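Chemist: Here it is, the structure in full.
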Amino acid sequence: MCNRGTDPFAYCDAAGARHRVLVRQSPAGAWQVLDITVVETLRGDGEGREAAEAIARDYAEQHDHPDARASQRTAEQRAAA
């Protein structure tokens, strides 16, 4: 069962994964709403920060899409104007 925790903006998706929703301001001054979820939890011996960063790098590469990057830049440019 998913636990929303104490985050003011959080929800559980259909698969039971907990998401945190954060609000931040971009370097360009635009406001952003981020949907954050845990991708993987490392619990084994010897699985330190380097292993976590390798998993994060692989995850980002697998989910990166060139059209999304172009769309993000366009949205930030509109917000900054």
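Naming scheme: A, B, ... for chains in displayed order of the structure tokens; residues 1 onward per chain; ligands 1 onward as shown.
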Give me every strand (DSSP E or B) residue in chain A, going by DSSP on the backbone, as a PyMOL selection string.
Modeler: chain A and resi 10-12+18-25+31-37
Chemist: Give me, as a list of chain:residue names, all polymer residues having an atom no more than 10 Å from A:Ala10, counting only C-alpha atoms and skipping those fewer than 4 positions away in the same chain.
Modeler: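 Surrounding residues, per the criterion: A:Asn3, A:Arg4, A:Gly5, A:Thr6, A:Arg18, A:His19, A:Arg20, A:Val21, A:Leu22, A:Asp35, A:Ile36, A:Thr37.
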Chemist: Please, could you write that set of residues out with C-alpha atoms as a PDB file, in the first residue's frame?
Modeler:
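Final output, saved to result_19.pdb:
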ATOM      1  CA  ASN A   3       1.900   5.971   1.864  1.00  0.00           C
ATOM      2  CA  ARG A   4       1.609   9.656   0.893  1.00  0.00           C
ATOM      3  CA  GLY A   5       3.787  10.589   3.853  1.00  0.00           C
ATOM      4  CA  THR A   6       3.703  14.137   5.161  1.00  0.00           C
ATOM      5  CA  ARG A  18       4.326   7.236  -4.322  1.00  0.00           C
ATOM      6  CA  HIS A  19       4.977  10.529  -6.112  1.00  0.00           C
ATOM      7  CA  ARG A  20       6.064  13.842  -4.581  1.00  0.00           C
ATOM      8  CA  VAL A  21       4.976  16.951  -6.431  1.00  0.00           C
ATOM      9  CA  LEU A  22       7.353  19.884  -5.995  1.00  0.00           C
ATOM     10  CA  ASP A  35       6.410  15.017 -10.334  1.00  0.00           C
ATOM     11  CA  ILE A  36       8.978  12.957  -8.409  1.00  0.00           C
ATOM     12  CA  THR A  37       8.910   9.207  -7.777  1.00  0.00           C
TER      13      THR A  37
END
Chemist: Separation of atom CA of A:Ser26 and atom CA of A:Pro8, in Å?
Modeler: 20.7 Å
Chemist: I'd like the interatomic distance between atom CA of A:Trp31 and atom CA of A:Ala80, to a tenth of an Å.
Modeler: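 Distance reported for this atom pair: 9.7 Å.
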Chemist: Can you tell me which residues surround A:Ala51 at a distance of at most 9 Å, considering only C-alpha atoms, apart from same-chain residues fewer than 5 positions away, and format the answer as a list in words?
Modeler: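 Close residues of A:Ala51: Leu42, Gly46 and Ala56 of chain A.
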Chemist: Can you list, as a ChimeraX atom specification, every residue of stretch 5-79 of chain A that DSSP puts in alpha helix (DSSP H)?
Modeler: /A:49-63,66-79
Chemist: Residues as selected, C-alpha atoms, written as a CSV table (one decimal), in the first residue's frame, can you do that?
Modeler:
chain,number,residue,atom,x,y,z
A,49,ARG,CA,26.5,6.6,-4.3
A,50,GLU,CA,28.5,5.5,-7.4
A,51,ALA,CA,26.1,2.6,-8.0
A,52,ALA,CA,23.1,4.9,-7.5
A,53,GLU,CA,24.5,7.5,-9.9
A,54,ALA,CA,25.1,4.8,-12.6
A,55,ILE,CA,21.5,3.7,-12.3
A,56,ALA,CA,20.3,7.3,-12.5
A,57,ARG,CA,22.5,7.9,-15.6
A,58,ASP,CA,21.1,4.8,-17.3
A,59,TYR,CA,17.5,5.7,-16.3
A,60,ALA,CA,17.9,9.2,-17.7
A,61,GLU,CA,19.4,7.9,-21.0
A,62,GLN,CA,16.7,5.3,-21.4
A,63,HIS,CA,13.9,7.9,-20.9
A,66,PRO,CA,14.9,14.7,-28.1
A,67,ASP,CA,11.4,16.1,-28.9
A,68,ALA,CA,10.7,16.6,-25.1
A,69,ARG,CA,14.0,18.5,-24.7
A,70,ALA,CA,13.0,20.9,-27.5
A,71,SER,CA,9.5,21.4,-26.0
A,72,GLN,CA,11.0,22.1,-22.6
A,73,ARG,CA,13.3,24.8,-24.0
A,74,THR,CA,10.4,26.4,-25.9
A,75,ALA,CA,8.2,26.5,-22.8
A,76,GLU,CA,10.9,28.1,-20.7
A,77,GLN,CA,11.5,30.7,-23.3
A,78,ARG,CA,7.8,31.6,-23.4
A,79,ALA,CA,7.7,31.8,-19.6
Chemist: Atom CA of A:Gln25 and atom CA of A:Cys2 are how many Å apart?
Modeler: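 Between these atoms lies a distance of 28.4 Å.
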